[in-house]
$ cat upload35.pdb   # PDB, C-alpha atoms and all ligand atoms
ATOM      1  CA  MET P   1      21.795  -9.083 -14.017
ATOM      2  CA  LYS P   2      20.752  -6.222 -11.755
ATOM      3  CA  ASN P   3      17.448  -6.581  -9.903
ATOM      4  CA  LEU P   4      14.578  -4.680 -11.431
ATOM      5  CA  VAL P   5      12.609  -2.388  -9.106
ATOM      6  CA  ILE P   6       9.237  -0.984 -10.186
ATOM      7  CA  ALA P   7       7.435   1.525  -7.949
ATOM      8  CA  VAL P   8       3.666   1.979  -8.132
ATOM      9  CA  ASP P   9       2.340   4.811  -5.966
ATOM     10  CA  GLY P  10      -0.855   6.777  -5.694
ATOM     11  CA  PRO P  11      -3.852   7.433  -3.459
ATOM     12  CA  ALA P  12      -6.222   4.788  -2.035
ATOM     13  CA  GLY P  13      -8.313   2.977  -4.612
ATOM     14  CA  ALA P  14      -6.402   4.169  -7.691
ATOM     15  CA  GLY P  15      -5.902   0.550  -8.749
ATOM     16  CA  LYS P  16      -2.303   0.083  -7.638
ATOM     17  CA  SER P  17      -2.500  -3.416  -6.204
ATOM     18  CA  THR P  18      -4.673  -4.819  -9.004
ATOM     19  CA  ILE P  19      -2.272  -3.522 -11.643
ATOM     20  CA  ALA P  20       0.932  -4.343  -9.752
ATOM     21  CA  LYS P  21      -0.185  -7.943  -9.186
ATOM     22  CA  ILE P  22      -0.862  -8.524 -12.890
ATOM     23  CA  VAL P  23       2.349  -6.811 -13.997
ATOM     24  CA  ALA P  24       4.318  -8.951 -11.502
ATOM     25  CA  LYS P  25       2.843 -12.105 -12.990
ATOM     26  CA  LYS P  26       3.504 -11.020 -16.565
ATOM     27  CA  LEU P  27       7.117 -10.104 -15.808
ATOM     28  CA  ASN P  28       7.580 -13.055 -13.451
ATOM     29  CA  ILE P  29       8.861 -10.892 -10.596
ATOM     30  CA  ASN P  30       7.797 -10.548  -6.952
ATOM     31  CA  TYR P  31       4.980  -8.288  -5.835
ATOM     32  CA  ILE P  32       4.977  -6.509  -2.490
ATOM     33  CA  ASP P  33       1.915  -4.721  -1.164
ATOM     34  CA  THR P  34       3.556  -2.258   1.220
ATOM     35  CA  GLY P  35       0.203  -0.951   2.462
ATOM     36  CA  ALA P  36      -0.458  -4.452   3.786
ATOM     37  CA  MET P  37       2.530  -4.030   6.112
ATOM     38  CA  TYR P  38       1.084  -0.878   7.712
ATOM     39  CA  ARG P  39      -2.278  -2.616   7.863
ATOM     40  CA  ALA P  40      -0.707  -5.601   9.636
ATOM     41  CA  ILE P  41       0.700  -3.379  12.400
ATOM     42  CA  THR P  42      -2.663  -1.611  12.674
ATOM     43  CA  TYR P  43      -4.498  -4.922  12.918
ATOM     44  CA  LYS P  44      -2.159  -6.130  15.662
ATOM     45  CA  CYS P  45      -2.684  -2.883  17.630
ATOM     46  CA  LEU P  46      -6.482  -3.051  17.333
ATOM     47  CA  LYS P  47      -6.514  -6.732  18.289
ATOM     48  CA  ASN P  48      -4.482  -6.000  21.407
ATOM     49  CA  ASP P  49      -6.510  -2.906  22.367
ATOM     50  CA  ILE P  50      -3.640  -0.557  21.722
ATOM     51  CA  ASP P  51      -4.680   3.001  20.948
ATOM     52  CA  VAL P  52      -3.281   3.832  17.489
ATOM     53  CA  ASP P  53      -2.814   7.445  18.612
ATOM     54  CA  ASN P  54      -0.424   6.317  21.331
ATOM     55  CA  GLU P  55       2.790   6.547  19.325
ATOM     56  CA  GLU P  56       5.017   4.985  21.953
ATOM     57  CA  GLU P  57       2.827   1.908  22.226
ATOM     58  CA  VAL P  58       2.467   1.553  18.468
ATOM     59  CA  LYS P  59       6.246   1.841  18.036
ATOM     60  CA  LYS P  60       6.716  -0.976  20.553
ATOM     61  CA  VAL P  61       4.268  -3.161  18.648
ATOM     62  CA  ALA P  62       6.035  -2.458  15.333
ATOM     63  CA  LYS P  63       9.461  -3.291  16.793
ATOM     64  CA  ASP P  64       8.134  -6.505  18.193
ATOM     65  CA  THR P  65       6.466  -7.709  14.999
ATOM     66  CA  ASP P  66       7.581 -10.006  12.236
ATOM     67  CA  ILE P  67       6.034  -9.387   8.804
ATOM     68  CA  ASP P  68       6.710 -11.641   5.868
ATOM     69  CA  PHE P  69       5.372 -12.211   2.336
ATOM     70  CA  ARG P  70       5.308 -15.750   0.927
ATOM     71  CA  ASP P  71       3.304 -17.294  -1.919
ATOM     72  CA  ASN P  72       1.022 -14.244  -2.163
ATOM     73  CA  ASN P  73       0.216 -14.358   1.536
ATOM     74  CA  ILE P  74       1.086 -11.849   4.222
ATOM     75  CA  TYR P  75       2.243 -13.307   7.511
ATOM     76  CA  LEU P  76       2.044 -11.502  10.828
ATOM     77  CA  ASP P  77       4.184 -13.234  13.443
ATOM     78  CA  GLY P  78       3.828 -16.468  11.490
ATOM     79  CA  ALA P  79       0.055 -16.369  10.851
ATOM     80  CA  ILE P  80      -1.618 -15.548   7.519
ATOM     81  CA  ILE P  81      -3.729 -12.392   7.871
ATOM     82  CA  ASN P  82      -4.765 -11.599   4.268
ATOM     83  CA  ASP P  83      -8.430 -10.990   5.120
ATOM     84  CA  GLU P  84      -8.079  -9.600   8.644
ATOM     85  CA  ILE P  85      -6.198  -6.528   7.370
ATOM     86  CA  ARG P  86      -8.946  -5.544   4.895
ATOM     87  CA  THR P  87     -11.662  -4.603   7.392
ATOM     88  CA  ILE P  88     -13.139  -1.103   7.524
ATOM     89  CA  ASP P  89     -11.807  -0.760  11.058
ATOM     90  CA  VAL P  90      -8.226  -1.361   9.904
ATOM     91  CA  SER P  91      -8.706   0.967   6.891
ATOM     92  CA  ASN P  92      -9.954   3.767   9.102
ATOM     93  CA  ASN P  93      -7.026   3.540  11.517
ATOM     94  CA  VAL P  94      -4.081   2.653   9.289
ATOM     95  CA  SER P  95      -3.128   6.211   8.264
ATOM     96  CA  ASN P  96      -2.503   7.117  11.896
ATOM     97  CA  VAL P  97      -0.131   4.184  12.251
ATOM     98  CA  ALA P  98       1.562   4.885   8.901
ATOM     99  CA  LYS P  99       2.380   8.467   9.866
ATOM    100  CA  ILE P 100       4.685   7.376  12.706
ATOM    101  CA  LYS P 101       8.250   7.841  11.488
ATOM    102  CA  GLU P 102       9.787   4.969  13.454
ATOM    103  CA  VAL P 103       7.123   2.571  12.166
ATOM    104  CA  ARG P 104       7.972   3.652   8.629
ATOM    105  CA  TYR P 105      11.714   3.155   9.188
ATOM    106  CA  LEU P 106      11.071  -0.440  10.203
ATOM    107  CA  MET P 107       8.792  -1.180   7.231
ATOM    108  CA  VAL P 108      11.093   0.577   4.756
ATOM    109  CA  ASP P 109      14.061  -1.530   5.928
ATOM    110  CA  VAL P 110      12.124  -4.687   5.116
ATOM    111  CA  GLN P 111      11.075  -3.278   1.705
ATOM    112  CA  ARG P 112      14.647  -2.317   0.781
ATOM    113  CA  GLU P 113      15.960  -5.745   1.806
ATOM    114  CA  ILE P 114      13.413  -7.401  -0.491
ATOM    115  CA  GLY P 115      14.475  -5.089  -3.345
ATOM    116  CA  LYS P 116      18.117  -6.087  -2.831
ATOM    117  CA  LYS P 117      17.383  -9.773  -3.084
ATOM    118  CA  SER P 118      15.085 -10.010  -6.097
ATOM    119  CA  SER P 119      13.334  -8.146  -8.889
ATOM    120  CA  VAL P 120      10.172  -6.671  -7.474
ATOM    121  CA  ILE P 121       7.196  -4.414  -8.079
ATOM    122  CA  LEU P 122       6.014  -2.605  -4.952
ATOM    123  CA  ASP P 123       2.853  -0.618  -4.486
ATOM    124  CA  GLY P 124       2.448   2.068  -1.863
ATOM    125  CA  ARG P 125       2.608   5.802  -1.286
ATOM    126  CA  ASP P 126       6.315   6.601  -0.982
ATOM    127  CA  ILE P 127       8.015   3.863  -3.010
ATOM    128  CA  GLY P 128       9.261   6.083  -5.852
ATOM    129  CA  SER P 129       9.738   9.192  -3.724
ATOM    130  CA  TYR P 130      11.454   7.708  -0.681
ATOM    131  CA  VAL P 131      11.941   3.932  -0.469
ATOM    132  CA  PHE P 132      13.506   3.443  -3.915
ATOM    133  CA  PRO P 133      14.362   6.879  -5.330
ATOM    134  CA  ASN P 134      16.468   5.088  -7.986
ATOM    135  CA  ALA P 135      13.766   2.615  -9.002
ATOM    136  CA  ASP P 136      14.011   1.525 -12.641
ATOM    137  CA  TYR P 137      10.404   2.513 -13.291
ATOM    138  CA  LYS P 138       8.031   4.693 -11.311
ATOM    139  CA  PHE P 139       4.305   4.910 -11.880
ATOM    140  CA  TYR P 140       1.819   7.170 -10.126
ATOM    141  CA  LEU P 141      -1.752   6.004 -10.495
ATOM    142  CA  VAL P 142      -4.656   8.395  -9.984
ATOM    143  CA  ALA P 143      -8.446   8.328 -10.413
ATOM    144  CA  THR P 144     -11.286  10.604  -9.363
ATOM    145  CA  PRO P 145     -12.461  10.223  -5.735
ATOM    146  CA  HIS P 146     -15.838   9.023  -6.998
ATOM    147  CA  GLU P 147     -14.316   6.242  -9.065
ATOM    148  CA  ARG P 148     -11.963   5.217  -6.270
ATOM    149  CA  GLY P 149     -14.864   5.150  -3.820
ATOM    150  CA  ALA P 150     -16.983   3.107  -6.204
ATOM    151  CA  ARG P 151     -14.206   0.505  -6.548
ATOM    152  CA  ARG P 152     -13.728   0.160  -2.796
ATOM    153  CA  HIS P 153     -17.493   0.043  -2.312
ATOM    154  CA  LYS P 154     -17.759  -2.856  -4.777
ATOM    155  CA  GLU P 155     -14.946  -4.728  -3.014
ATOM    156  CA  LEU P 156     -16.548  -4.262   0.388
ATOM    157  CA  THR P 157     -20.115  -5.114  -0.622
ATOM    158  CA  GLU P 158     -18.812  -8.270  -2.289
ATOM    159  CA  LYS P 159     -17.340  -9.196   1.069
ATOM    160  CA  GLY P 160     -20.711  -8.644   2.732
ATOM    161  CA  TYR P 161     -20.211  -5.198   4.290
ATOM    162  CA  GLU P 162     -23.158  -2.820   4.213
ATOM    163  CA  VAL P 163     -21.751   0.641   3.642
ATOM    164  CA  SER P 164     -22.820   3.601   1.584
ATOM    165  CA  ILE P 165     -20.684   4.814  -1.258
ATOM    166  CA  GLU P 166     -20.661   8.334   0.248
ATOM    167  CA  GLU P 167     -19.247   6.968   3.473
ATOM    168  CA  ILE P 168     -16.478   5.158   1.578
ATOM    169  CA  ILE P 169     -15.614   8.243  -0.485
ATOM    170  CA  ASN P 170     -15.389  10.300   2.714
ATOM    171  CA  ASP P 171     -13.132   7.701   4.354
ATOM    172  CA  ILE P 172     -10.871   7.634   1.297
ATOM    173  CA  ILE P 173     -10.609  11.427   1.187
ATOM    174  CA  LYS P 174      -9.795  11.497   4.905
ATOM    175  CA  ARG P 175      -7.106   8.867   4.441
ATOM    176  CA  ASP P 176      -5.577  10.673   1.442
ATOM    177  CA  GLU P 177      -5.422  13.835   3.513
ATOM    178  CA  ILE P 178      -3.528  12.210   6.368
ATOM    179  CA  ASP P 179      -1.242  10.329   3.949
ATOM    180  CA  SER P 180      -0.468  13.463   1.899
ATOM    181  CA  ASN P 181       0.070  15.792   4.834
ATOM    182  CA  ARG P 182       2.155  13.689   7.169
ATOM    183  CA  GLU P 183       5.586  15.063   7.928
ATOM    184  CA  PHE P 184       7.700  12.078   6.965
ATOM    185  CA  ALA P 185       7.626  10.453   3.488
ATOM    186  CA  PRO P 186       4.106  11.607   2.546
ATOM    187  CA  LEU P 187       2.066  10.499  -0.438
ATOM    188  CA  VAL P 188       3.563  12.446  -3.304
ATOM    189  CA  LYS P 189       4.222  11.909  -6.983
ATOM    190  CA  ALA P 190       7.966  11.522  -7.561
ATOM    191  CA  GLU P 191       9.225  14.050 -10.113
ATOM    192  CA  ASP P 192      10.261  11.309 -12.515
ATOM    193  CA  ALA P 193       7.141   9.141 -12.071
ATOM    194  CA  ILE P 194       4.843   8.426 -14.999
ATOM    195  CA  GLU P 195       1.286   9.446 -14.103
ATOM    196  CA  VAL P 196      -1.462   7.096 -15.233
ATOM    197  CA  ASP P 197      -5.086   8.208 -14.813
ATOM    198  CA  THR P 198      -7.134   5.029 -14.390
ATOM    199  CA  THR P 199     -10.538   6.773 -14.348
ATOM    200  CA  GLY P 200     -12.891   5.053 -16.764
ATOM    201  CA  LYS P 201     -10.189   2.652 -17.947
ATOM    202  CA  THR P 202     -10.342  -1.123 -17.833
ATOM    203  CA  ILE P 203      -7.756  -3.122 -15.932
ATOM    204  CA  GLU P 204      -6.415  -4.408 -19.270
ATOM    205  CA  ASP P 205      -5.999  -0.842 -20.587
ATOM    206  CA  VAL P 206      -3.995   0.219 -17.552
ATOM    207  CA  VAL P 207      -1.829  -2.928 -17.545
ATOM    208  CA  GLU P 208      -1.102  -2.367 -21.209
ATOM    209  CA  SER P 209      -0.085   1.242 -20.733
ATOM    210  CA  VAL P 210       2.175   0.329 -17.784
ATOM    211  CA  LEU P 211       3.801  -2.615 -19.589
ATOM    212  CA  GLY P 212       4.212  -0.419 -22.668
ATOM    213  CA  LYS P 213       6.581   1.837 -20.724
ATOM    214  CA  ILE P 214       8.769  -1.002 -19.486
ATOM    215  CA  ASN P 215      11.655  -2.046 -21.718
ATOM    216  CA  LEU P 216      13.408  -5.183 -20.562
TER     217      LEU P 216
HETATM  218  O1  LIG V 301      -2.677   0.814  -0.063
HETATM  219  P1  LIG V 301      -3.470   0.628   1.221
HETATM  220  O2  LIG V 301      -4.811   1.274   1.211
HETATM  221  O3  LIG V 301      -3.534  -0.791   1.658
HETATM  222  O4  LIG V 301      -2.592   1.393   2.313
HETATM  223  C1  LIG V 301      -2.947   1.434   3.651
HETATM  224  C2  LIG V 301      -2.403   2.674   4.330
HETATM  225  O5  LIG V 301      -1.001   2.561   4.512
HETATM  226  C3  LIG V 301      -2.645   3.979   3.604
HETATM  227  O6  LIG V 301      -3.556   4.787   4.310
HETATM  228  C4  LIG V 301      -1.330   4.672   3.556
HETATM  229  C5  LIG V 301      -0.353   3.758   4.188
HETATM  230  N1  LIG V 301       0.787   3.463   3.334
HETATM  231  C6  LIG V 301       1.885   4.261   3.443
HETATM  232  O7  LIG V 301       1.868   5.210   4.207
HETATM  233  N2  LIG V 301       2.998   3.969   2.730
HETATM  234  C7  LIG V 301       3.032   2.946   1.884
HETATM  235  N3  LIG V 301       4.157   2.686   1.197
HETATM  236  C8  LIG V 301       1.880   2.134   1.721
HETATM  237  C9  LIG V 301       0.755   2.445   2.455
END
$ encode --input "upload35.pdb" --output "structure tokens" --more "lines below"
Ligand code: DC
Amino acid sequence: MKNLVIAVDGPAGAGKSTIAKIVAKKLNINYIDTGAMYRAITYKCLKNDIDVDNEEEVKKVAKDTDIDFRDNNIYLDGAIINDEIRTIDVSNNVSNVAKIKEVRYLMVDVQREIGKKSSVILDGRDIGSYVFPNADYKFYLVATPHERGARRHKELTEKGYEVSIEEIINDIIKRDEIDSNREFAPLVKAEDAIEVDTTGKTIEDVVESVLGKINL
């Protein structure tokens, strides 16, 4: 049987990873958080004092990096970095890394290889529009900036960060702007993607409406 590929795209905080993880479990397929890959490169740059605006240096880092997903963990050069890539510092720098074309080529190669080998649901920004234009199903999740900010704020305060919700909303809007306006493979809704507005909806509601569109 052909591998199933499901694309879940949308702006930061729309609920992509929460929904994709649950759908993966229900369908018993792999889940790949493609944003985590760009975060991993960003984390490695920051850790090694590499300026994320220095494209040449960032490209070198990306070429020289091994990223892997196993058992719901992300590995950077062999070490698990699930928590390290979720800091505010990484979030505020990742869009500048993700806009570098050569970095994207490298990450997209890995994503396509995974899609060749197994059935998978991937969440990101360009999965339906660029990485897998022939994906079996494409979803584009959206929510109001206030709701997206409130979700991220909850996540961060639970982890012990002290940040204001306004600050988080501003960071999210800034990130969306860079992601949507970059030259290569920007954040965009694929023409054939199904838009799901998650504002005011429970996780169960959204999972149900996504699963309801998938016929296996
Ligand atoms: O989904 P996230 O917040 O973890 O994504 C982190 C950043 O990576 C986000 O600012 C945009 C970028 N990204 C991307 O450009 N393409 C993807 N497929 C996934 C994420």
$ closest_residue --input "upload35.pdb" --among "P:Met107, P:Ala135, P:Ile22, P:Ile114" --to "ligand LIG 301 (chain V)" --atoms "only C-alpha atoms and all ligand atoms"
P:Met107
$ residues_near_ligand --input "upload35.pdb" --ligand "ligand LIG 301 (chain V)" --cutoff "6 Å" --atoms "all atoms listed in the file" --output "MDAnalysis selection string"
chainID P and resid 12 34:36 38:39 94:95 98 124:127 175 179
$ closest_residue --input "upload35.pdb" --among "P:Ile88, P:Val207, P:Ile50, P:Val142" --to "Glu167 in chain P" --atoms "only C-alpha atoms"
P:Ile88
$ atom_distance --input "upload35.pdb" --atom1 "CA of Asp33 in chain P" --atom2 "CA of Asn54 in chain P"
25.2 Å
$ residues_near_point --input "upload35.pdb" --point "(-1.9, -12.0, 7.0)" --cutoff "10 Å" --atoms "all atoms listed in the file" --output "MDAnalysis selection string"
chainID P and resid 36:37 39:40 43 67:69 72:86
$ resolve_selection --input "upload35.pdb" --expression "the PyMOL selection byres (((chain P and resi 141) around 6) and not hetatm)" --output "count of residues only"
7
$ atom_distance --input "upload35.pdb" --atom1 "CA of Thr202 in chain P" --atom2 "CA of Asn30 in chain P"
23.2 Å
$ residues_around --input "upload35.pdb" --residues "Cys45 in chain P" --least-positions-apart "4" --cutoff "12 Å" --atoms "only C-alpha atoms" --output "PyMOL selection string"
chain P and resi 38-41+49-62+64-65+76+85+89-90+93-94+96-97
$ atom_distance --input "upload35.pdb" --atom1 "CA of Ser17 in chain P" --atom2 "CA of Ile203 in chain P"
11.1 Å
$ residues_around --input "upload35.pdb" --residues "Lys116 in chain P" --least-positions-apart "3" --cutoff "10 Å" --atoms "all atoms listed in the file" --output "list in words"
Lys2, Asn3, Leu4, Val5, Gln111, Arg112, Glu113, Ser119 and Val120 of chain P
$ closest_residue --input "upload35.pdb" --among "P:Arg182, P:Lys16, P:Lys47, P:Lys201" --to "Lys99 in chain P" --atoms "all atoms listed in the file"
P:Arg182
$ decode --input "upload35.pdb" --residues "range 16-40 of chain P" --atoms "N, CA, C and O atoms" --output "PDB file, in the first residue's frame"
ATOM      1  N   LYS P  16      -1.166  23.209  15.548  1.00  0.00           N
ATOM      2  CA  LYS P  16      -0.723  22.171  14.607  1.00  0.00           C
ATOM      3  C   LYS P  16      -0.124  20.941  15.291  1.00  0.00           C
ATOM      4  O   LYS P  16      -0.511  19.817  15.013  1.00  0.00           O
ATOM      5  N   SER P  17       0.845  21.184  16.179  1.00  0.00           N
ATOM      6  CA  SER P  17       1.556  20.023  16.736  1.00  0.00           C
ATOM      7  C   SER P  17       0.660  19.214  17.672  1.00  0.00           C
ATOM      8  O   SER P  17       0.687  17.983  17.650  1.00  0.00           O
ATOM      9  N   THR P  18      -0.165  19.899  18.450  1.00  0.00           N
ATOM     10  CA  THR P  18      -1.091  19.191  19.350  1.00  0.00           C
ATOM     11  C   THR P  18      -1.999  18.275  18.534  1.00  0.00           C
ATOM     12  O   THR P  18      -2.168  17.094  18.852  1.00  0.00           O
ATOM     13  N   ILE P  19      -2.567  18.813  17.479  1.00  0.00           N
ATOM     14  CA  ILE P  19      -3.518  18.049  16.664  1.00  0.00           C
ATOM     15  C   ILE P  19      -2.794  16.939  15.891  1.00  0.00           C
ATOM     16  O   ILE P  19      -3.238  15.788  15.877  1.00  0.00           O
ATOM     17  N   ALA P  20      -1.658  17.295  15.287  1.00  0.00           N
ATOM     18  CA  ALA P  20      -0.941  16.301  14.468  1.00  0.00           C
ATOM     19  C   ALA P  20      -0.499  15.103  15.302  1.00  0.00           C
ATOM     20  O   ALA P  20      -0.572  13.964  14.858  1.00  0.00           O
ATOM     21  N   LYS P  21      -0.064  15.368  16.535  1.00  0.00           N
ATOM     22  CA  LYS P  21       0.382  14.287  17.421  1.00  0.00           C
ATOM     23  C   LYS P  21      -0.761  13.310  17.702  1.00  0.00           C
ATOM     24  O   LYS P  21      -0.592  12.103  17.662  1.00  0.00           O
ATOM     25  N   ILE P  22      -1.933  13.852  18.008  1.00  0.00           N
ATOM     26  CA  ILE P  22      -3.081  12.995  18.346  1.00  0.00           C
ATOM     27  C   ILE P  22      -3.543  12.215  17.106  1.00  0.00           C
ATOM     28  O   ILE P  22      -3.801  11.017  17.177  1.00  0.00           O
ATOM     29  N   VAL P  23      -3.596  12.914  15.977  1.00  0.00           N
ATOM     30  CA  VAL P  23      -4.030  12.239  14.741  1.00  0.00           C
ATOM     31  C   VAL P  23      -3.045  11.115  14.395  1.00  0.00           C
ATOM     32  O   VAL P  23      -3.447  10.015  14.004  1.00  0.00           O
ATOM     33  N   ALA P  24      -1.758  11.361  14.589  1.00  0.00           N
ATOM     34  CA  ALA P  24      -0.738  10.327  14.304  1.00  0.00           C
ATOM     35  C   ALA P  24      -0.998   9.087  15.146  1.00  0.00           C
ATOM     36  O   ALA P  24      -0.953   7.959  14.655  1.00  0.00           O
ATOM     37  N   LYS P  25      -1.290   9.310  16.414  1.00  0.00           N
ATOM     38  CA  LYS P  25      -1.543   8.185  17.321  1.00  0.00           C
ATOM     39  C   LYS P  25      -2.785   7.411  16.887  1.00  0.00           C
ATOM     40  O   LYS P  25      -2.778   6.189  16.812  1.00  0.00           O
ATOM     41  N   LYS P  26      -3.842   8.170  16.583  1.00  0.00           N
ATOM     42  CA  LYS P  26      -5.103   7.510  16.198  1.00  0.00           C
ATOM     43  C   LYS P  26      -4.948   6.706  14.919  1.00  0.00           C
ATOM     44  O   LYS P  26      -5.567   5.666  14.759  1.00  0.00           O
ATOM     45  N   LEU P  27      -4.140   7.218  13.982  1.00  0.00           N
ATOM     46  CA  LEU P  27      -4.002   6.523  12.694  1.00  0.00           C
ATOM     47  C   LEU P  27      -2.811   5.564  12.710  1.00  0.00           C
ATOM     48  O   LEU P  27      -2.547   4.886  11.714  1.00  0.00           O
ATOM     49  N   ASN P  28      -2.069   5.580  13.825  1.00  0.00           N
ATOM     50  CA  ASN P  28      -0.884   4.746  13.959  1.00  0.00           C
ATOM     51  C   ASN P  28       0.143   5.010  12.846  1.00  0.00           C
ATOM     52  O   ASN P  28       0.633   4.091  12.189  1.00  0.00           O
ATOM     53  N   ILE P  29       0.422   6.285  12.630  1.00  0.00           N
ATOM     54  CA  ILE P  29       1.450   6.667  11.650  1.00  0.00           C
ATOM     55  C   ILE P  29       2.465   7.572  12.352  1.00  0.00           C
ATOM     56  O   ILE P  29       2.243   7.998  13.482  1.00  0.00           O
ATOM     57  N   ASN P  30       3.576   7.859  11.671  1.00  0.00           N
ATOM     58  CA  ASN P  30       4.614   8.692  12.295  1.00  0.00           C
ATOM     59  C   ASN P  30       4.209  10.166  12.299  1.00  0.00           C
ATOM     60  O   ASN P  30       3.436  10.621  11.455  1.00  0.00           O
ATOM     61  N   TYR P  31       4.781  10.883  13.251  1.00  0.00           N
ATOM     62  CA  TYR P  31       4.555  12.329  13.327  1.00  0.00           C
ATOM     63  C   TYR P  31       5.907  13.051  13.256  1.00  0.00           C
ATOM     64  O   TYR P  31       6.831  12.698  13.990  1.00  0.00           O
ATOM     65  N   ILE P  32       5.992  14.020  12.380  1.00  0.00           N
ATOM     66  CA  ILE P  32       7.232  14.801  12.287  1.00  0.00           C
ATOM     67  C   ILE P  32       6.917  16.283  12.481  1.00  0.00           C
ATOM     68  O   ILE P  32       6.130  16.880  11.745  1.00  0.00           O
ATOM     69  N   ASP P  33       7.578  16.855  13.478  1.00  0.00           N
ATOM     70  CA  ASP P  33       7.457  18.271  13.785  1.00  0.00           C
ATOM     71  C   ASP P  33       8.580  18.983  13.019  1.00  0.00           C
ATOM     72  O   ASP P  33       9.724  19.014  13.481  1.00  0.00           O
ATOM     73  N   THR P  34       8.248  19.516  11.842  1.00  0.00           N
ATOM     74  CA  THR P  34       9.327  20.079  11.014  1.00  0.00           C
ATOM     75  C   THR P  34       9.877  21.378  11.598  1.00  0.00           C
ATOM     76  O   THR P  34      11.034  21.712  11.381  1.00  0.00           O
ATOM     77  N   GLY P  35       9.062  22.086  12.367  1.00  0.00           N
ATOM     78  CA  GLY P  35       9.552  23.303  13.025  1.00  0.00           C
ATOM     79  C   GLY P  35      10.684  22.975  13.990  1.00  0.00           C
ATOM     80  O   GLY P  35      11.621  23.766  14.163  1.00  0.00           O
ATOM     81  N   ALA P  36      10.607  21.789  14.590  1.00  0.00           N
ATOM     82  CA  ALA P  36      11.646  21.367  15.538  1.00  0.00           C
ATOM     83  C   ALA P  36      13.003  21.261  14.846  1.00  0.00           C
ATOM     84  O   ALA P  36      14.044  21.470  15.467  1.00  0.00           O
ATOM     85  N   MET P  37      12.988  20.967  13.548  1.00  0.00           N
ATOM     86  CA  MET P  37      14.256  20.844  12.813  1.00  0.00           C
ATOM     87  C   MET P  37      14.917  22.225  12.670  1.00  0.00           C
ATOM     88  O   MET P  37      16.121  22.373  12.869  1.00  0.00           O
ATOM     89  N   TYR P  38      14.104  23.232  12.321  1.00  0.00           N
ATOM     90  CA  TYR P  38      14.653  24.593  12.205  1.00  0.00           C
ATOM     91  C   TYR P  38      15.068  25.114  13.576  1.00  0.00           C
ATOM     92  O   TYR P  38      16.057  25.833  13.718  1.00  0.00           O
ATOM     93  N   ARG P  39      14.316  24.701  14.585  1.00  0.00           N
ATOM     94  CA  ARG P  39      14.678  25.100  15.958  1.00  0.00           C
ATOM     95  C   ARG P  39      16.007  24.459  16.371  1.00  0.00           C
ATOM     96  O   ARG P  39      16.810  25.071  17.074  1.00  0.00           O
ATOM     97  N   ALA P  40      16.216  23.210  15.957  1.00  0.00           N
ATOM     98  CA  ALA P  40      17.448  22.510  16.335  1.00  0.00           C
ATOM     99  C   ALA P  40      18.680  23.226  15.764  1.00  0.00           C
ATOM    100  O   ALA P  40      19.673  23.424  16.462  1.00  0.00           O
TER     101      ALA P  40
END
